[in-house]
$ cat structure.pdb   # PDB, C-alpha atoms and all ligand atoms
ATOM      1  CA  MET I   9       0.000   0.000   0.000
ATOM      2  CA  SER I  10       1.328   3.452  -0.869
ATOM      3  CA  VAL I  11       0.648   6.162   1.701
ATOM      4  CA  SER I  12       1.863   9.689   2.253
ATOM      5  CA  PRO I  13       1.688  12.123   5.189
ATOM      6  CA  ASP I  14      -1.766  13.611   5.366
ATOM      7  CA  TYR I  15      -2.714  16.781   7.235
ATOM      8  CA  LYS I  16      -6.416  16.000   7.162
ATOM      9  CA  ASP I  17      -7.942  16.052  10.683
ATOM     10  CA  TYR I  18      -4.709  17.305  12.296
ATOM     11  CA  SER I  19      -4.475  20.793  13.781
ATOM     12  CA  ALA I  20      -0.947  21.810  12.856
ATOM     13  CA  LYS I  21      -1.312  22.640   9.174
ATOM     14  CA  PRO I  22       1.123  23.624   6.429
ATOM     15  CA  PRO I  23       1.927  27.340   6.641
ATOM     16  CA  GLY I  24      -0.130  29.663   4.499
ATOM     17  CA  THR I  25      -3.267  27.513   4.519
ATOM     18  CA  GLU I  26      -6.474  29.082   5.803
ATOM     19  CA  ALA I  27      -6.520  26.634   8.686
ATOM     20  CA  ALA I  28      -3.056  27.700   9.770
ATOM     21  CA  LYS I  29      -4.080  31.342  10.217
ATOM     22  CA  ALA I  30      -5.123  31.228  13.812
ATOM     23  CA  ASN I  31      -6.908  33.853  15.813
ATOM     24  CA  SER I  32      -5.291  33.111  19.137
ATOM     25  CA  LEU I  33      -7.914  34.656  21.471
ATOM     26  CA  TYR I  34     -10.680  32.874  19.603
ATOM     27  CA  GLU I  35      -8.653  29.630  19.700
ATOM     28  CA  PHE I  36      -8.015  29.975  23.421
ATOM     29  CA  LEU I  37     -11.706  30.530  24.219
ATOM     30  CA  ARG I  38     -12.838  27.707  21.972
ATOM     31  CA  ASN I  39     -10.186  25.122  22.904
ATOM     32  CA  ARG I  40      -9.371  25.722  26.547
ATOM     33  CA  VAL I  41     -12.611  27.239  27.846
ATOM     34  CA  LEU I  42     -15.296  25.588  25.724
ATOM     35  CA  TYR I  43     -13.868  22.221  24.629
ATOM     36  CA  ASP I  44     -11.493  21.437  27.507
ATOM     37  CA  THR I  45     -13.597  22.821  30.386
ATOM     38  CA  ILE I  46     -17.302  23.440  29.753
ATOM     39  CA  LEU I  47     -17.751  20.455  27.434
ATOM     40  CA  LEU I  48     -15.278  18.223  29.292
ATOM     41  CA  PRO I  49     -17.793  15.708  30.774
ATOM     42  CA  TYR I  50     -19.473  15.357  27.385
ATOM     43  CA  GLY I  51     -16.087  14.936  25.666
ATOM     44  CA  LEU I  52     -14.905  12.258  28.099
ATOM     45  CA  LEU I  53     -18.094  10.269  27.598
ATOM     46  CA  ARG I  54     -18.073  10.577  23.796
ATOM     47  CA  HIS I  55     -14.401   9.632  23.601
ATOM     48  CA  ARG I  56     -14.824   6.574  25.814
ATOM     49  CA  ARG I  57     -17.636   5.353  23.547
ATOM     50  CA  LEU I  58     -15.618   6.070  20.419
ATOM     51  CA  LEU I  59     -12.647   4.077  21.716
ATOM     52  CA  LYS I  60     -14.915   1.061  22.203
ATOM     53  CA  LYS I  61     -16.373   0.975  18.719
ATOM     54  CA  SER I  62     -13.894   2.733  16.440
ATOM     55  CA  LYS I  63     -12.049   0.851  13.716
ATOM     56  CA  ARG I  64      -8.302   1.587  13.864
ATOM     57  CA  VAL I  65      -6.299   2.297  10.709
ATOM     58  CA  ASN I  66      -2.596   1.902   9.977
ATOM     59  CA  ASP I  67      -2.242   4.547   7.280
ATOM     60  CA  HIS I  68      -2.285   7.734   9.365
ATOM     61  CA  THR I  69       1.229   8.856   8.587
ATOM     62  CA  TYR I  70       1.004  12.464   9.772
ATOM     63  CA  THR I  71       4.279  13.542  11.314
ATOM     64  CA  CYS I  72       6.261  16.681  11.975
ATOM     65  CA  PHE I  73       9.795  17.986  12.331
ATOM     66  CA  LEU I  74      10.362  19.398  15.833
ATOM     67  CA  ARG I  75       7.002  18.011  16.944
ATOM     68  CA  GLY I  76       7.524  18.327  20.698
ATOM     69  CA  PRO I  77      10.521  20.406  21.856
ATOM     70  CA  ALA I  78       9.826  19.840  25.570
ATOM     71  CA  GLN I  79      10.097  16.079  25.121
ATOM     72  CA  LEU I  80      13.329  16.605  23.163
ATOM     73  CA  ARG I  81      14.724  18.534  26.147
ATOM     74  CA  LEU I  82      13.758  15.615  28.373
ATOM     75  CA  LEU I  83      15.494  13.240  25.983
ATOM     76  CA  THR I  84      18.719  15.200  25.767
ATOM     77  CA  GLY I  85      18.775  15.817  29.543
ATOM     78  CA  PRO I  86      17.266  13.434  32.121
ATOM     79  CA  VAL I  87      16.811  10.510  29.721
ATOM     80  CA  LEU I  88      20.446  10.496  28.561
ATOM     81  CA  ASP I  89      21.599  11.059  32.148
ATOM     82  CA  PHE I  90      19.675   7.938  33.130
ATOM     83  CA  ILE I  91      20.965   5.814  30.239
ATOM     84  CA  ARG I  92      24.608   6.896  30.753
ATOM     85  CA  PRO I  93      25.668   5.654  27.289
ATOM     86  CA  GLN I  94      28.894   3.644  27.302
ATOM     87  CA  GLY I  95      30.285   3.406  23.780
ATOM     88  CA  ARG I  96      27.898   3.806  20.884
ATOM     89  CA  LEU I  97      24.257   4.470  21.778
ATOM     90  CA  ASP I  98      22.031   2.417  19.470
ATOM     91  CA  ILE I  99      18.482   3.747  19.270
ATOM     92  CA  THR I 100      15.543   1.744  17.913
ATOM     93  CA  LEU I 101      12.790   3.939  16.486
ATOM     94  CA  LEU I 102       9.591   2.336  15.188
ATOM     95  CA  ALA I 103       6.765   3.832  13.127
ATOM     96  CA  CYS I 104       9.002   6.574  11.733
ATOM     97  CA  SER I 105       6.642   7.713   8.948
ATOM     98  CA  ASN I 106       8.567   9.912   6.456
ATOM     99  CA  GLY I 107      11.603  10.252   8.749
ATOM    100  CA  ALA I 108      10.807  13.676  10.245
ATOM    101  CA  GLU I 109      10.997  12.412  13.842
ATOM    102  CA  THR I 110      14.193  10.442  13.184
ATOM    103  CA  TYR I 111      16.056  13.357  11.617
ATOM    104  CA  THR I 112      14.767  15.697  14.325
ATOM    105  CA  ILE I 113      16.182  13.503  17.078
ATOM    106  CA  ALA I 114      19.457  13.030  15.205
ATOM    107  CA  SER I 115      19.789  16.781  14.693
ATOM    108  CA  VAL I 116      19.028  17.689  18.292
ATOM    109  CA  LEU I 117      21.256  14.971  19.773
ATOM    110  CA  ARG I 118      24.141  16.022  17.543
ATOM    111  CA  LYS I 119      23.686  19.649  18.506
ATOM    112  CA  THR I 120      23.392  19.095  22.261
ATOM    113  CA  HIS I 121      25.893  16.221  22.563
ATOM    114  CA  PRO I 122      28.464  16.727  19.791
ATOM    115  CA  ASP I 123      30.728  14.016  21.229
ATOM    116  CA  LEU I 124      27.992  11.400  21.574
ATOM    117  CA  ASP I 125      28.437   8.375  19.309
ATOM    118  CA  PHE I 126      24.920   7.230  18.354
ATOM    119  CA  HIS I 127      22.940   5.600  15.587
ATOM    120  CA  ILE I 128      19.161   5.541  15.067
ATOM    121  CA  TYR I 129      17.732   2.379  13.494
ATOM    122  CA  ALA I 130      14.375   3.614  12.256
ATOM    123  CA  SER I 131      11.564   1.643  10.652
ATOM    124  CA  ASP I 132       7.948   1.840   9.533
ATOM    125  CA  LEU I 133       5.266  -0.589   8.422
ATOM    126  CA  HIS I 134       5.024   0.960   4.962
ATOM    127  CA  GLN I 135       7.873   0.635   2.472
ATOM    128  CA  SER I 136       6.689   3.865   0.779
ATOM    129  CA  MET I 137       7.445   5.733   4.031
ATOM    130  CA  ILE I 138      10.883   4.141   4.236
ATOM    131  CA  ASP I 139      11.602   5.255   0.669
ATOM    132  CA  ARG I 140      10.548   8.812   1.569
ATOM    133  CA  ALA I 141      12.706   8.793   4.694
ATOM    134  CA  LYS I 142      15.754   7.507   2.819
ATOM    135  CA  ALA I 143      15.298  10.165   0.118
ATOM    136  CA  ALA I 144      15.675  12.792   2.918
ATOM    137  CA  GLU I 145      14.219  15.548   0.755
ATOM    138  CA  TYR I 146      11.153  17.487   1.914
ATOM    139  CA  SER I 147       8.824  20.222   0.717
ATOM    140  CA  SER I 148       8.557  23.463   2.679
ATOM    141  CA  ASP I 149       5.054  22.430   3.866
ATOM    142  CA  GLU I 150       6.458  19.226   5.326
ATOM    143  CA  VAL I 151       9.310  21.013   7.061
ATOM    144  CA  LEU I 152       7.691  24.215   8.264
ATOM    145  CA  HIS I 153       4.297  23.208   9.644
ATOM    146  CA  SER I 154       5.548  22.677  13.208
ATOM    147  CA  VAL I 155       4.367  25.524  15.411
ATOM    148  CA  TYR I 156       7.739  25.219  17.189
ATOM    149  CA  MET I 157      10.009  25.459  14.145
ATOM    150  CA  THR I 158      13.120  27.607  14.581
ATOM    151  CA  GLU I 159      15.670  29.063  12.209
ATOM    152  CA  GLU I 160      18.408  27.382  14.247
ATOM    153  CA  PHE I 161      16.882  23.934  13.729
ATOM    154  CA  LEU I 162      16.495  24.563   9.992
ATOM    155  CA  GLN I 163      20.148  25.570   9.733
ATOM    156  CA  ASP I 164      21.328  22.571  11.758
ATOM    157  CA  THR I 165      19.230  20.054   9.842
ATOM    158  CA  PHE I 166      18.824  21.051   6.188
ATOM    159  CA  LEU I 167      20.455  22.397   3.103
ATOM    160  CA  ALA I 168      18.132  24.399   0.840
ATOM    161  CA  GLN I 169      17.941  23.051  -2.699
ATOM    162  CA  GLY I 170      15.570  25.078  -4.844
ATOM    163  CA  ASP I 171      12.144  24.717  -3.203
ATOM    164  CA  SER I 172      13.220  21.644  -1.249
ATOM    165  CA  TYR I 173      14.844  21.057   2.089
ATOM    166  CA  VAL I 174      17.471  18.304   1.947
ATOM    167  CA  VAL I 175      18.750  16.752   5.172
ATOM    168  CA  ARG I 176      22.436  17.525   5.683
ATOM    169  CA  PRO I 177      24.601  14.586   4.531
ATOM    170  CA  GLU I 178      26.552  14.558   7.820
ATOM    171  CA  LEU I 179      23.260  14.042   9.709
ATOM    172  CA  ARG I 180      22.179  11.185   7.464
ATOM    173  CA  GLU I 181      25.219   9.224   8.672
ATOM    174  CA  TYR I 182      23.527   8.865  12.065
ATOM    175  CA  VAL I 183      20.377   7.121  10.800
ATOM    176  CA  SER I 184      19.266   4.126   8.781
ATOM    177  CA  PHE I 185      15.802   3.031   7.693
ATOM    178  CA  SER I 186      14.125  -0.305   7.038
ATOM    179  CA  GLN I 187      10.625  -1.800   6.943
ATOM    180  CA  ALA I 188       9.319  -3.417  10.147
ATOM    181  CA  ASN I 189       5.974  -4.265  11.722
ATOM    182  CA  LEU I 190       5.467  -3.493  15.410
ATOM    183  CA  LEU I 191       3.296  -6.569  15.700
ATOM    184  CA  ASP I 192       5.936  -9.009  14.453
ATOM    185  CA  GLY I 193       7.964  -9.477  17.618
ATOM    186  CA  GLU I 194      10.176 -12.277  16.390
ATOM    187  CA  THR I 195      11.405 -10.326  13.370
ATOM    188  CA  LEU I 196      11.837  -7.163  15.439
ATOM    189  CA  ARG I 197      14.020  -8.930  18.005
ATOM    190  CA  ALA I 198      16.107 -10.624  15.296
ATOM    191  CA  LYS I 199      16.565  -7.331  13.452
ATOM    192  CA  PHE I 200      17.170  -4.848  16.264
ATOM    193  CA  GLY I 201      18.152  -6.827  19.355
ATOM    194  CA  GLN I 202      17.956  -4.857  22.614
ATOM    195  CA  SER I 203      18.761  -1.194  22.955
ATOM    196  CA  PRO I 204      18.807   1.341  25.813
ATOM    197  CA  LEU I 205      16.442   3.688  23.964
ATOM    198  CA  VAL I 206      13.330   2.484  22.151
ATOM    199  CA  ILE I 207      10.960   4.977  20.529
ATOM    200  CA  ALA I 208       7.465   4.232  19.180
ATOM    201  CA  GLN I 209       5.457   7.431  19.109
ATOM    202  CA  ASN I 210       1.987   8.295  17.884
ATOM    203  CA  VAL I 211       1.414   4.797  16.612
ATOM    204  CA  LEU I 212       0.051   2.764  19.520
ATOM    205  CA  PHE I 213      -3.211   4.739  19.481
ATOM    206  CA  HIS I 214      -3.704   3.475  15.924
ATOM    207  CA  LEU I 215      -3.873  -0.128  17.159
ATOM    208  CA  THR I 216      -6.746  -1.988  18.805
ATOM    209  CA  PRO I 217      -6.331  -2.517  22.567
ATOM    210  CA  GLU I 218      -5.353  -6.168  21.925
ATOM    211  CA  ASP I 219      -2.754  -5.191  19.312
ATOM    212  CA  THR I 220      -1.507  -2.383  21.570
ATOM    213  CA  ALA I 221      -0.822  -4.972  24.281
ATOM    214  CA  SER I 222       1.084  -7.219  21.810
ATOM    215  CA  ALA I 223       3.036  -4.290  20.389
ATOM    216  CA  PHE I 224       3.891  -3.063  23.882
ATOM    217  CA  ASP I 225       5.148  -6.525  24.787
ATOM    218  CA  ASN I 226       7.391  -6.377  21.694
ATOM    219  CA  LEU I 227       8.664  -2.917  22.596
ATOM    220  CA  VAL I 228       9.597  -4.013  26.100
ATOM    221  CA  SER I 229      11.427  -7.026  24.656
ATOM    222  CA  LEU I 230      13.544  -4.623  22.558
ATOM    223  CA  LEU I 231      14.529  -2.622  25.635
ATOM    224  CA  ALA I 232      17.880  -3.213  27.350
ATOM    225  CA  PRO I 233      17.744  -4.095  31.086
ATOM    226  CA  ARG I 234      18.481  -0.432  31.822
ATOM    227  CA  GLY I 235      16.566   1.488  29.223
ATOM    228  CA  VAL I 236      14.020   4.108  28.281
ATOM    229  CA  LEU I 237      10.868   3.828  26.201
ATOM    230  CA  LEU I 238       9.394   6.908  24.512
ATOM    231  CA  ILE I 239       5.690   6.357  23.811
ATOM    232  CA  GLU I 240       3.863   9.572  23.083
ATOM    233  CA  GLY I 241       0.461   8.893  21.526
ATOM    234  CA  MET I 242      -1.242   5.877  23.022
ATOM    235  CA  GLN I 243      -4.582   5.233  24.719
ATOM    236  CA  LEU I 244      -4.175   6.688  28.210
ATOM    237  CA  ASP I 245      -5.723   3.962  30.351
ATOM    238  CA  LEU I 246      -3.700   1.347  28.458
ATOM    239  CA  ARG I 247      -0.544   3.343  29.124
ATOM    240  CA  VAL I 248      -1.265   3.215  32.849
ATOM    241  CA  ALA I 249      -2.022  -0.529  32.800
ATOM    242  CA  LEU I 250       0.846  -1.627  30.536
ATOM    243  CA  THR I 251       3.588   0.476  32.125
ATOM    244  CA  LYS I 252       2.532  -0.912  35.513
ATOM    245  CA  LYS I 253       2.521  -4.455  34.178
ATOM    246  CA  TYR I 254       6.128  -4.153  32.989
ATOM    247  CA  GLY I 255       7.412  -2.193  35.957
ATOM    248  CA  LEU I 256       8.257   0.916  33.934
ATOM    249  CA  SER I 257       8.364   4.250  35.778
ATOM    250  CA  PRO I 258       7.573   7.608  34.230
ATOM    251  CA  PHE I 259       9.983  10.522  33.945
ATOM    252  CA  THR I 260       8.029  13.246  35.709
ATOM    253  CA  GLN I 261      10.033  16.329  34.715
ATOM    254  CA  ASN I 262       7.946  18.854  32.812
ATOM    255  CA  LEU I 263       5.141  16.299  32.538
ATOM    256  CA  ARG I 264       2.343  18.729  31.796
ATOM    257  CA  GLN I 265       4.112  20.788  29.157
ATOM    258  CA  ILE I 266       5.326  17.709  27.313
ATOM    259  CA  PHE I 267       1.811  16.268  27.295
ATOM    260  CA  GLN I 268       0.279  19.557  26.172
ATOM    261  CA  GLU I 269       2.675  19.779  23.252
ATOM    262  CA  THR I 270       1.434  16.394  22.049
ATOM    263  CA  ARG I 271      -2.071  17.856  21.865
ATOM    264  CA  VAL I 272      -1.062  20.700  19.586
ATOM    265  CA  HIS I 273      -1.397  18.326  16.649
ATOM    266  CA  THR I 274      -4.781  16.811  17.441
ATOM    267  CA  PRO I 275      -8.119  18.491  16.755
ATOM    268  CA  PRO I 276      -9.479  20.803  19.485
ATOM    269  CA  HIS I 277     -12.689  18.728  19.617
ATOM    270  CA  TRP I 278     -10.484  15.788  20.598
ATOM    271  CA  TRP I 279     -13.356  13.397  21.355
ATOM    272  CA  ARG I 280     -14.284  13.124  17.677
ATOM    273  CA  VAL I 281     -11.220  11.054  16.700
ATOM    274  CA  TYR I 282     -10.035   7.932  18.473
ATOM    275  CA  TRP I 283      -6.475   9.262  18.520
ATOM    276  CA  GLY I 284      -7.516  12.504  20.222
ATOM    277  CA  THR I 285      -6.622  12.988  23.887
ATOM    278  CA  GLU I 286      -8.274  14.597  26.863
ATOM    279  CA  PRO I 287      -6.600  17.655  28.416
ATOM    280  CA  PHE I 288      -4.185  17.241  31.352
ATOM    281  CA  LEU I 289      -6.494  16.606  34.327
ATOM    282  CA  PHE I 290      -4.906  17.114  37.752
ATOM    283  CA  TRP I 291      -7.459  14.901  39.493
ATOM    284  CA  ARG I 292      -6.650  11.769  37.469
ATOM    285  CA  LYS I 293      -5.324   8.756  39.375
ATOM    286  CA  ASP I 294      -1.850   7.646  38.203
ATOM    287  CA  ARG I 295      -1.362  11.067  36.615
ATOM    288  CA  ALA I 296       2.337  10.605  35.814
ATOM    289  CA  ARG I 297       1.774   7.273  34.061
ATOM    290  CA  ARG I 298      -1.331   8.524  32.266
ATOM    291  CA  TYR I 299       0.233  11.657  30.808
ATOM    292  CA  GLY I 300       3.900  10.625  30.786
ATOM    293  CA  THR I 301       5.563   9.952  27.434
ATOM    294  CA  ALA I 302       8.953   8.619  28.646
ATOM    295  CA  PHE I 303       9.357   5.572  30.890
ATOM    296  CA  LYS I 304      12.429   3.924  32.370
ATOM    297  CA  ARG I 305      13.269   0.378  33.239
ATOM    298  CA  ASP I 306      16.008  -0.147  35.776
ATOM    299  CA  GLU I 307      18.274  -3.179  36.016
ATOM    300  CA  GLY I 308      16.690  -5.758  38.244
ATOM    301  CA  THR I 309      13.093  -4.768  37.431
ATOM    302  CA  SER I 310      10.993  -7.884  37.148
ATOM    303  CA  TYR I 311       7.446  -8.284  35.956
TER     304      TYR I 311
HETATM  305  C1  LIG I 401       1.058   9.133  13.007
HETATM  306  S1  LIG I 401       2.508   8.407  12.344
HETATM  307  C2  LIG I 401       3.692   8.777  13.596
HETATM  308  C3  LIG I 401       5.044   9.116  13.025
HETATM  309  C4  LIG I 401       6.089   9.517  14.042
HETATM  310  N1  LIG I 401       6.417   8.439  14.920
HETATM  311  C5  LIG I 401       5.672  10.729  14.836
HETATM  312  O1  LIG I 401       5.418  10.607  16.050
HETATM  313  O2  LIG I 401       5.584  11.826  14.273
HETATM  314  C6  LIG I 401       2.178   6.676  12.614
HETATM  315  C7  LIG I 401       3.076   5.756  11.797
HETATM  316  O3  LIG I 401       2.903   4.425  12.275
HETATM  317  C8  LIG I 401       3.042   3.533  11.191
HETATM  318  N2  LIG I 401       2.447   2.239  11.567
HETATM  319  C9  LIG I 401       1.125   1.922  11.671
HETATM  320  N3  LIG I 401       0.994   0.641  12.068
HETATM  321  C10 LIG I 401       2.253   0.146  12.229
HETATM  322  C11 LIG I 401       2.782  -1.107  12.598
HETATM  323  N4  LIG I 401       1.976  -2.138  12.894
HETATM  324  N5  LIG I 401       4.121  -1.271  12.644
HETATM  325  C12 LIG I 401       4.949  -0.234  12.364
HETATM  326  N6  LIG I 401       4.515   0.975  11.987
HETATM  327  C13 LIG I 401       3.177   1.177  11.911
HETATM  328  C14 LIG I 401       2.341   4.245  10.045
HETATM  329  O4  LIG I 401       2.785   3.768   8.806
HETATM  330  C15 LIG I 401       2.733   5.706  10.306
HETATM  331  O5  LIG I 401       3.862   6.076   9.554
END

$ encode --input "structure.pdb" --output "C-alpha cells" --more "lines below"
Ligand SMILES: C[S@@+](CC[C@H](N)C(=O)[O-])C[C@H]1O[C@@H](n2cnc3c(N)ncnc32)[C@H](O)[C@@H]1O
Amino acid sequence: MSVSPDYKDYSAKPPGTEAAKANSLYEFLRNRVLYDTILLPYGLLRHRRLLKKSKRVNDHTYTCFLRGPAQLRLLTGPVLDFIRPQGRLDITLLACSNGAETYTIASVLRKTHPDLDFHIYASDLHQSMIDRAKAAEYSSDEVLHSVYMTEEFLQDTFLAQGDSYVVRPELREYVSFSQANLLDGETLRAKFGQSPLVIAQNVLFHLTPEDTASAFDNLVSLLAPRGVLLIEGMQLDLRVALTKKYGLSPFTQNLRQIFQETRVHTPPHWWRVYWGTEPFLFWRKDRARRYGTAFKRDEGTSY
C-alpha cells in the first residue's frame, strides 16, 4: 500500500493555509474554555464510547519535524543522564513515517551532545514511508508546519535546494531506515536486538487494545535491562495498565508541558477522533503514568 503524510484532521497545518491562520484569542476561548472545560464531561463520555467501537487504521502517517521540543529537552537531559551511554548508543525507532521524527532527534542529539556516538535504526510498516525517509528531501510544507520550528533547527538540519529542504549529509550518517511491523515481535528482536532507547510514538493509538498490548510486549522485549521507552500517543488507560505491568516508571520532569505539546497536533474537539486525547487533568489517578511519554526500566526490574 502506498501512503503519504496527510494533514487532514490534524491541527498543525502547512503554513499559508487558511486553517493555519489562527486567531489566538478565539482559539483559546474555543479550545481551553469551551472544549477542555465546559464540554469536558461530554467529551470524556463521547471519547470513551468512540474508543470502544472505532475501527483503527494503519495509514495515518502524519508527522512533523520538531514536533515536541519539551520532550526533546527531556530526551537530551534526564533521559540520557539515566541511560549513561557507554560506547555507541544504538536507538531503535519504530513507526518513523517519512523520517521527520528520526532526523529531528538526530539533529538535536548532535547539537546538544556533539561528542555522543549514536545511531538511530528507524523503521515503519510501509515501504513507501521508508523510501521517503531515505530520500531525505522534503517540501517546505512538510518542514515548516511545526508551530515550534526555529531558524536554528532549519540551519542545523537542512540544506536548501531550490524549493526543497534536503537533510544535511553529515546528519544522514547517524540514521538508517528499514521496513518493520510493530506486531511481528520475532522479526523485530532478530533485526534490532535490545537497545537502551526504544521509541514508538503516535502509533500505539492506531492499534486496537489487543494489538496495543502485543506491540507493547514487543517494545519491552527490545529494551535493554536499563533502558528508556518513549511512547507519546497511546490510549491513556492502556498506558497506565501496561507500564505498571512491565514495571516501567515515568519521567516526571515537565510532565504537563510535554503532554500539552502532544495535543497541539490533534483536533481541538479531541473526542471526535479515536487518537484525540483529553486535556491534562490534575485529578486523574496515576497522573504521571497517564500523561507521561517517557518511561524507564532499571536493572533488576521484574514483571
Ligand atoms: C502518526 S505516524 C507517527 C510518526 C512519528 N512516529 C511521529 O510521532 O511523528 C504513525 C506511523 O505508524 C506507522 N504504523 C502503523 N501501524 C504500524 C505497525 N503495525 N508497525 C509499524 N509501523 C506502523 C504508520 O505507517 C505511520 O507512519

$ residues_around --input "structure.pdb" --residues "region 259-275 of chain I" --least-positions-apart "5" --cutoff "10 Å" --atoms "all atoms listed in the file" --output "MDAnalysis selection string"
chainID I and resid 15 17:21 39 70:72 75:82 86:87 154:156 210 236 240:241 280:281 283:290 295:304

$ atom_distance --input "structure.pdb" --atom1 "CA of Ser186 (chain I)" --atom2 "CA of Tyr254 (chain I)"
27.4 Å

$ closest_residue --input "structure.pdb" --among "I:Ser172, I:Ser184, I:Asn226, I:Thr69" --to "ligand LIG 401 (chain I)" --atoms "all atoms listed in the file"
I:Thr69

$ resolve_selection --input "structure.pdb" --expression "the PyMOL selection byres (((chain I and resi 203) around 7) and not hetatm)" --output "number ranges by chain"
I: 98-100, 201-202, 204-206, 230-232

$ closest_residue --input "structure.pdb" --among "I:Ala108, I:Asp67, I:Pro276, I:Val248" --to "Thr45 (chain I)" --atoms "all atoms listed in the file"
I:Pro276

$ residues_near_ligand --input "structure.pdb" --ligand "ligand LIG 401 (chain I)" --cutoff "7 Å" --atoms "only C-alpha atoms and all ligand atoms" --output "PyMOL selection string"
chain I and resi 66-72+75+102-106+108-109+132-134+137+188-191+208-211+214

$ atom_distance --input "structure.pdb" --atom1 "CA of Tyr43 (chain I)" --atom2 "CA of Tyr282 (chain I)"
16.0 Å

$ closest_residue --input "structure.pdb" --among "I:Leu97, I:Leu250, I:Leu212, I:Ile138" --to "Asp225 (chain I)" --atoms "all atoms listed in the file"
I:Leu250

$ atom_distance --input "structure.pdb" --atom1 "CA of Leu167 (chain I)" --atom2 "CA of Ala114 (chain I)"
15.3 Å

$ axis_aligned_box --input "structure.pdb" --around "region 254-269 of chain I" --padding-each-side "8 Å" --output "lines of an AutoDock Vina configuration file"
center_x = 5.2
center_y = 8.3
center_z = 29.6
size_x = 25.8
size_y = 40.9
size_z = 28.7

$ resolve_selection --input "structure.pdb" --expression "the PyMOL selection byres (((chain I and resi 125) around 8) and not hetatm)" --output "PDB file with C-alpha atoms, in the frame of the given file"
ATOM      1  CA  GLY I  95      30.285   3.406  23.780  1.00  0.00           C
ATOM      2  CA  ARG I  96      27.898   3.806  20.884  1.00  0.00           C
ATOM      3  CA  LEU I  97      24.257   4.470  21.778  1.00  0.00           C
ATOM      4  CA  ASP I 123      30.728  14.016  21.229  1.00  0.00           C
ATOM      5  CA  LEU I 124      27.992  11.400  21.574  1.00  0.00           C
ATOM      6  CA  PHE I 126      24.920   7.230  18.354  1.00  0.00           C
ATOM      7  CA  HIS I 127      22.940   5.600  15.587  1.00  0.00           C
TER       8      HIS I 127
END

$ resolve_selection --input "structure.pdb" --expression "the PyMOL selection byres (((chain I and resi 63) around 9) and not hetatm)" --output "PyMOL selection string"
chain I and resi 59-62+64-65+215-216+282

$ closest_residue --input "structure.pdb" --among "I:Leu152, I:Leu196, I:Leu237, I:Ala249" --to "Ile91 (chain I)" --atoms "all atoms listed in the file"
I:Leu237

$ closest_residue --input "structure.pdb" --among "I:Phe185, I:Phe90, I:Tyr146, I:Phe36" --to "Gly170 (chain I)" --atoms "all atoms listed in the file"
I:Tyr146
